[in-house]
Amino acid sequence: MNYQIVRLLEPEEAAGLVHELNQRQFADGKLTANGRAREVKNNLQLERSAPEASPLHRTIHEAFARCAEFQAFALPKRVLAPLFNRYESGMQYGAHIDNAMMGGFTGVRTDLSVTLFLSPPDSYDGGELVVELPSGEQEIKLDSGEAVVYPSTAVHRVAPVTRGVRFAAVTWVQSSVRDERVRAILYDLHHALQTTEAGPDKALNLLLTKSYHNLIRYAVEP
């Protein structure tokens, strides 16, 4: 399983968030980095605990909840409150790996990372999310409101912004299915079910439904 691109927000919704973020005070992003990541992180972040962040968090969480493609791909058990970041010209985030646990060993296991692009891609230059995957290095720059979901085990970076301002939200997901190979099979079965649901072969659809739910019973961590 490599990565999946999903639309979480319509461009107008993303523009509304950008408008709100432009009114907020941002702090040095190094405050939330650990170890070597602190040395390569050069961005600004909205304090996650700031009271004014709560409505913004709610908007993102509601978007995750209604996005069927995200639900099918990630099978989320827990989704952390997002971090809103701002990259101005000259800022970047060098190669790093996300922490395995957020909030210590009683917190959230990071199976998947999510970057939600908020700024229109033509409003800034650079700022690509670069992810090192088995299939090769992927440079990702999406439309406002689109998000990329990728394994938290991957080394990744944000390329330097050379013009404009890049707003994005990042968060992490603990999946109900820990094994990404099983998640990939379930995702394929999900799409096979969708394909056969309206088709004439009801027996095939029933067999796929049985296989999907029995694999869920086997693999899901309550």
# chains A, B, ... in the order shown; residues from 1 in each chain; ligands from 1
>>> select_by_dssp(residues="segment 57-202 of chain A", states="strand (DSSP E or B)", output="short mmCIF file (atom, residue, chain, number, x, y, z; two decimals) with C-alpha atoms, in the first residue's frame")
data_model
loop_
_atom_site.label_atom_id
_atom_site.label_comp_id
_atom_site.auth_asym_id
_atom_site.auth_seq_id
_atom_site.Cartn_x
_atom_site.Cartn_y
_atom_site.Cartn_z
CA PRO A 76 -9.56 4.80 11.24
CA LYS A 77 -9.76 3.99 14.91
CA ARG A 78 -8.41 7.32 16.15
CA VAL A 79 -7.58 10.54 14.31
CA LEU A 83 -1.77 20.75 13.29
CA PHE A 84 -2.22 23.76 11.03
CA ASN A 85 1.05 24.93 9.53
CA ARG A 86 2.23 27.90 7.52
CA TYR A 87 5.23 27.96 5.21
CA GLN A 92 10.87 23.98 4.41
CA TYR A 93 10.85 20.78 6.46
CA GLY A 94 13.78 18.50 5.77
CA ALA A 95 13.72 14.70 5.58
CA HIS A 96 12.31 13.15 8.75
CA MET A 101 3.44 7.16 19.09
CA MET A 102 1.84 10.55 19.64
CA VAL A 108 -2.03 7.20 19.44
CA ARG A 109 -0.02 4.78 17.29
CA LEU A 112 -0.94 6.73 8.63
CA SER A 113 0.00 10.37 8.12
CA VAL A 114 -2.28 12.89 6.43
CA THR A 115 -1.44 16.20 4.78
CA LEU A 116 -4.45 18.32 3.82
CA PHE A 117 -3.51 21.05 1.33
CA TYR A 124 2.70 29.50 -4.03
CA ASP A 125 5.74 27.87 -5.64
CA GLY A 126 7.54 24.89 -4.18
CA LEU A 129 5.31 17.01 0.01
CA VAL A 130 8.02 14.52 -0.97
CA VAL A 131 7.47 10.96 0.28
CA GLU A 132 9.99 8.12 -0.07
CA LEU A 133 7.98 5.01 -0.95
CA GLY A 136 10.13 5.59 -5.56
CA GLU A 137 10.15 9.19 -4.39
CA GLN A 138 6.77 10.87 -4.88
CA GLU A 139 6.38 14.66 -5.14
CA ILE A 140 2.84 15.62 -4.16
CA GLU A 146 -7.42 17.57 -1.22
CA ALA A 147 -5.44 15.38 1.17
CA VAL A 148 -2.84 12.66 0.78
CA VAL A 149 -2.86 9.70 3.17
CA TYR A 150 0.40 7.75 3.34
CA PRO A 151 2.27 5.35 5.67
CA HIS A 156 9.22 12.46 3.94
CA ARG A 157 9.92 16.19 3.63
CA VAL A 158 8.36 19.46 2.52
CA VAL A 161 8.54 27.34 -0.61
CA THR A 162 10.00 29.91 -3.04
CA ARG A 163 6.97 32.19 -3.49
CA GLY A 164 3.78 32.88 -1.59
CA ARG A 166 1.54 27.47 1.85
CA PHE A 167 -1.16 26.61 4.43
CA ALA A 168 -1.79 22.95 5.24
CA ALA A 169 -3.11 20.76 8.03
CA VAL A 170 -1.34 17.58 9.11
CA THR A 171 -2.55 14.79 11.33
CA TRP A 172 -2.05 11.11 12.13
CA VAL A 173 -4.31 8.08 12.14
CA GLN A 174 -4.32 4.91 14.20
CA SER A 175 -6.03 2.37 12.00
#
>>> atom_distance(atom1="atom CA of Ala15 of chain A", atom2="atom CA of Ile97 of chain A")
29.3 Å
>>> select_by_dssp(residues="segment 154-187 of chain A", states="alpha helix (DSSP H)", output="NGL selection string")
:A and (180-187)
>>> write_last_selection(atoms="all heavy atoms", output="CSV table (one decimal), in the first residue's frame")
chain,number,residue,atom,x,y,z
A,180,GLU,N,-0.7,-3.1,7.2
A,180,GLU,CA,-1.1,-2.4,6.0
A,180,GLU,C,-1.3,-3.3,4.8
A,180,GLU,O,-2.1,-2.9,3.9
A,180,GLU,CB,0.0,-1.4,5.7
A,180,GLU,CG,1.3,-2.0,5.2
A,180,GLU,CD,2.3,-0.9,4.8
A,180,GLU,OE1,1.9,-0.1,3.9
A,180,GLU,OE2,3.4,-0.8,5.3
A,181,ARG,N,-0.8,-4.5,4.9
A,181,ARG,CA,-1.1,-5.5,3.8
A,181,ARG,C,-2.5,-5.9,3.8
A,181,ARG,O,-3.2,-6.0,2.8
A,181,ARG,CB,-0.2,-6.7,3.9
A,181,ARG,CG,1.3,-6.4,3.7
A,181,ARG,CD,2.2,-7.5,4.2
A,181,ARG,NE,2.0,-7.8,5.6
A,181,ARG,CZ,2.6,-8.7,6.2
A,181,ARG,NH1,3.5,-9.5,5.6
A,181,ARG,NH2,2.4,-8.9,7.5
A,182,VAL,N,-3.1,-6.1,5.0
A,182,VAL,CA,-4.5,-6.5,5.2
A,182,VAL,C,-5.4,-5.3,4.8
A,182,VAL,O,-6.4,-5.5,4.2
A,182,VAL,CB,-4.8,-7.0,6.6
A,182,VAL,CG1,-6.2,-7.3,6.8
A,182,VAL,CG2,-3.9,-8.2,6.9
A,183,ARG,N,-4.9,-4.1,5.2
A,183,ARG,CA,-5.7,-2.9,4.8
A,183,ARG,C,-5.8,-2.8,3.3
A,183,ARG,O,-6.9,-2.4,2.8
A,183,ARG,CB,-5.1,-1.6,5.4
A,183,ARG,CG,-5.3,-1.4,6.9
A,183,ARG,CD,-5.1,0.0,7.3
A,183,ARG,NE,-3.9,0.7,6.9
A,183,ARG,CZ,-2.8,0.6,7.5
A,183,ARG,NH1,-2.7,0.0,8.7
A,183,ARG,NH2,-1.7,1.2,7.1
A,184,ALA,N,-4.7,-3.1,2.6
A,184,ALA,CA,-4.8,-3.0,1.2
A,184,ALA,C,-5.7,-4.0,0.6
A,184,ALA,O,-6.5,-3.7,-0.4
A,184,ALA,CB,-3.3,-3.2,0.6
A,185,ILE,N,-5.8,-5.2,1.1
A,185,ILE,CA,-6.7,-6.2,0.6
A,185,ILE,C,-8.2,-5.7,0.9
A,185,ILE,O,-9.0,-5.9,0.0
A,185,ILE,CB,-6.5,-7.6,1.3
A,185,ILE,CG1,-5.1,-8.1,0.9
A,185,ILE,CG2,-7.6,-8.6,1.0
A,185,ILE,CD1,-4.6,-9.3,1.7
A,186,LEU,N,-8.4,-5.2,2.1
A,186,LEU,CA,-9.7,-4.7,2.4
A,186,LEU,C,-10.2,-3.6,1.5
A,186,LEU,O,-11.3,-3.5,1.1
A,186,LEU,CB,-9.8,-4.3,3.9
A,186,LEU,CG,-9.8,-5.4,4.9
A,186,LEU,CD1,-9.5,-4.9,6.3
A,186,LEU,CD2,-11.2,-6.1,4.9
A,187,TYR,N,-9.2,-2.7,1.2
A,187,TYR,CA,-9.5,-1.6,0.3
A,187,TYR,C,-9.9,-2.1,-1.1
A,187,TYR,O,-10.9,-1.6,-1.7
A,187,TYR,CB,-8.3,-0.7,0.2
A,187,TYR,CG,-8.6,0.6,-0.5
A,187,TYR,CD1,-9.6,1.5,-0.1
A,187,TYR,CD2,-7.8,1.0,-1.6
A,187,TYR,CE1,-9.8,2.7,-0.7
A,187,TYR,CE2,-8.0,2.2,-2.3
A,187,TYR,CZ,-9.0,3.1,-1.8
A,187,TYR,OH,-9.2,4.2,-2.5
>>> closest_residue(among="A:Asp143, A:Asp122, A:Glu197, A:Asp188", to="Glu10 of chain A", atoms="only C-alpha atoms")
A:Asp143
>>> closest_residue(among="A:Arg24, A:His190, A:Lys202, A:Lys141", to="Ala68 of chain A", atoms="only C-alpha atoms")
A:His190
>>> residues_around(residues="Ala100 of chain A", least_positions_apart="4", cutoff="10 Å", atoms="only C-alpha atoms", output="list in words")
Gly104, Phe105, Gly107, Val108, Arg109, Thr110, Asp111, Ser152 and Thr153 of chain A
>>> write_last_selection(atoms="N, CA, C and O atoms", output="tab-separated table (two decimals), in the first residue's frame")
chain	number	residue	atom	x	y	z
A	104	GLY	N	3.02	9.66	23.84
A	104	GLY	CA	3.63	8.60	24.64
A	104	GLY	C	3.02	7.24	24.37
A	104	GLY	O	2.19	7.06	23.47
A	105	PHE	N	3.42	6.25	25.15
A	105	PHE	CA	3.01	4.87	24.89
A	105	PHE	C	1.56	4.58	25.23
A	105	PHE	O	1.05	3.50	24.94
A	107	GLY	N	-0.66	6.82	24.09
A	107	GLY	CA	-1.31	7.71	23.13
A	107	GLY	C	-1.76	7.01	21.87
A	107	GLY	O	-2.24	5.86	21.90
A	108	VAL	N	-1.56	7.67	20.73
A	108	VAL	CA	-2.03	7.20	19.44
A	108	VAL	C	-0.86	6.62	18.65
A	108	VAL	O	0.17	7.27	18.48
A	109	ARG	N	-1.02	5.38	18.18
A	109	ARG	CA	-0.02	4.78	17.29
A	109	ARG	C	-0.20	5.37	15.90
A	109	ARG	O	-1.31	5.38	15.36
A	110	THR	N	0.86	5.86	15.30
A	110	THR	CA	0.75	6.51	14.00
A	110	THR	C	0.95	5.48	12.89
A	110	THR	O	2.07	5.17	12.51
A	111	ASP	N	-0.15	4.99	12.36
A	111	ASP	CA	-0.09	4.07	11.21
A	111	ASP	C	-0.07	4.85	9.90
A	111	ASP	O	0.61	4.45	8.95
A	152	SER	N	2.97	6.24	7.80
A	152	SER	CA	3.81	7.02	8.71
A	152	SER	C	5.22	6.47	8.81
A	152	SER	O	6.11	7.13	9.37
A	153	THR	N	5.43	5.27	8.30
A	153	THR	CA	6.76	4.66	8.31
A	153	THR	C	7.67	5.27	7.25
A	153	THR	O	8.88	5.01	7.24
>>> atom_distance(atom1="atom CA of Asn2 of chain A", atom2="atom CA of Ala74 of chain A")
11.8 Å
>>> decode(residues="segment 160-216 of chain A", atoms="C-alpha atoms", output="tab-separated table (two decimals), in the first residue's frame")
chain	number	residue	atom	x	y	z
A	160	PRO	CA	11.25	24.80	0.13
A	161	VAL	CA	8.54	27.34	-0.61
A	162	THR	CA	10.00	29.91	-3.04
A	163	ARG	CA	6.97	32.19	-3.49
A	164	GLY	CA	3.78	32.88	-1.59
A	165	VAL	CA	2.41	31.15	1.51
A	166	ARG	CA	1.54	27.47	1.85
A	167	PHE	CA	-1.16	26.61	4.43
A	168	ALA	CA	-1.79	22.95	5.24
A	169	ALA	CA	-3.11	20.76	8.03
A	170	VAL	CA	-1.34	17.58	9.11
A	171	THR	CA	-2.55	14.79	11.33
A	172	TRP	CA	-2.05	11.11	12.13
A	173	VAL	CA	-4.31	8.08	12.14
A	174	GLN	CA	-4.32	4.91	14.20
A	175	SER	CA	-6.03	2.37	12.00
A	176	SER	CA	-8.37	-0.33	13.27
A	177	VAL	CA	-6.31	-2.71	11.11
A	178	ARG	CA	-2.64	-2.50	12.02
A	179	ASP	CA	-1.28	-4.59	9.13
A	180	GLU	CA	-1.08	-2.37	6.03
A	181	ARG	CA	-1.08	-5.48	3.77
A	182	VAL	CA	-4.47	-6.48	5.16
A	183	ARG	CA	-5.72	-2.89	4.83
A	184	ALA	CA	-4.75	-3.00	1.15
A	185	ILE	CA	-6.74	-6.21	0.63
A	186	LEU	CA	-9.75	-4.74	2.41
A	187	TYR	CA	-9.53	-1.60	0.28
A	188	ASP	CA	-9.53	-3.71	-2.91
A	189	LEU	CA	-12.48	-5.75	-1.62
A	190	HIS	CA	-14.33	-2.52	-0.80
A	191	HIS	CA	-14.03	-1.38	-4.42
A	192	ALA	CA	-14.95	-4.83	-5.73
A	193	LEU	CA	-18.10	-4.69	-3.62
A	194	GLN	CA	-18.97	-1.27	-5.02
A	195	THR	CA	-18.46	-2.55	-8.57
A	196	THR	CA	-20.67	-5.62	-8.14
A	197	GLU	CA	-23.35	-4.04	-5.97
A	198	ALA	CA	-25.45	-2.82	-8.89
A	199	GLY	CA	-24.50	-5.69	-11.18
A	200	PRO	CA	-26.53	-8.76	-12.11
A	201	ASP	CA	-24.35	-11.29	-10.28
A	202	LYS	CA	-25.88	-11.20	-6.81
A	203	ALA	CA	-24.09	-14.41	-5.75
A	204	LEU	CA	-20.70	-12.84	-6.49
A	205	ASN	CA	-21.60	-9.71	-4.55
A	206	LEU	CA	-22.73	-11.84	-1.60
A	207	LEU	CA	-19.48	-13.82	-1.67
A	208	LEU	CA	-17.42	-10.62	-1.72
A	209	THR	CA	-19.51	-9.21	1.13
A	210	LYS	CA	-18.88	-12.37	3.14
A	211	SER	CA	-15.13	-12.24	2.48
A	212	TYR	CA	-14.89	-8.54	3.33
A	213	HIS	CA	-16.71	-8.80	6.65
A	214	ASN	CA	-15.01	-12.02	7.69
A	215	LEU	CA	-11.62	-10.42	7.05
A	216	ILE	CA	-12.75	-7.40	9.10
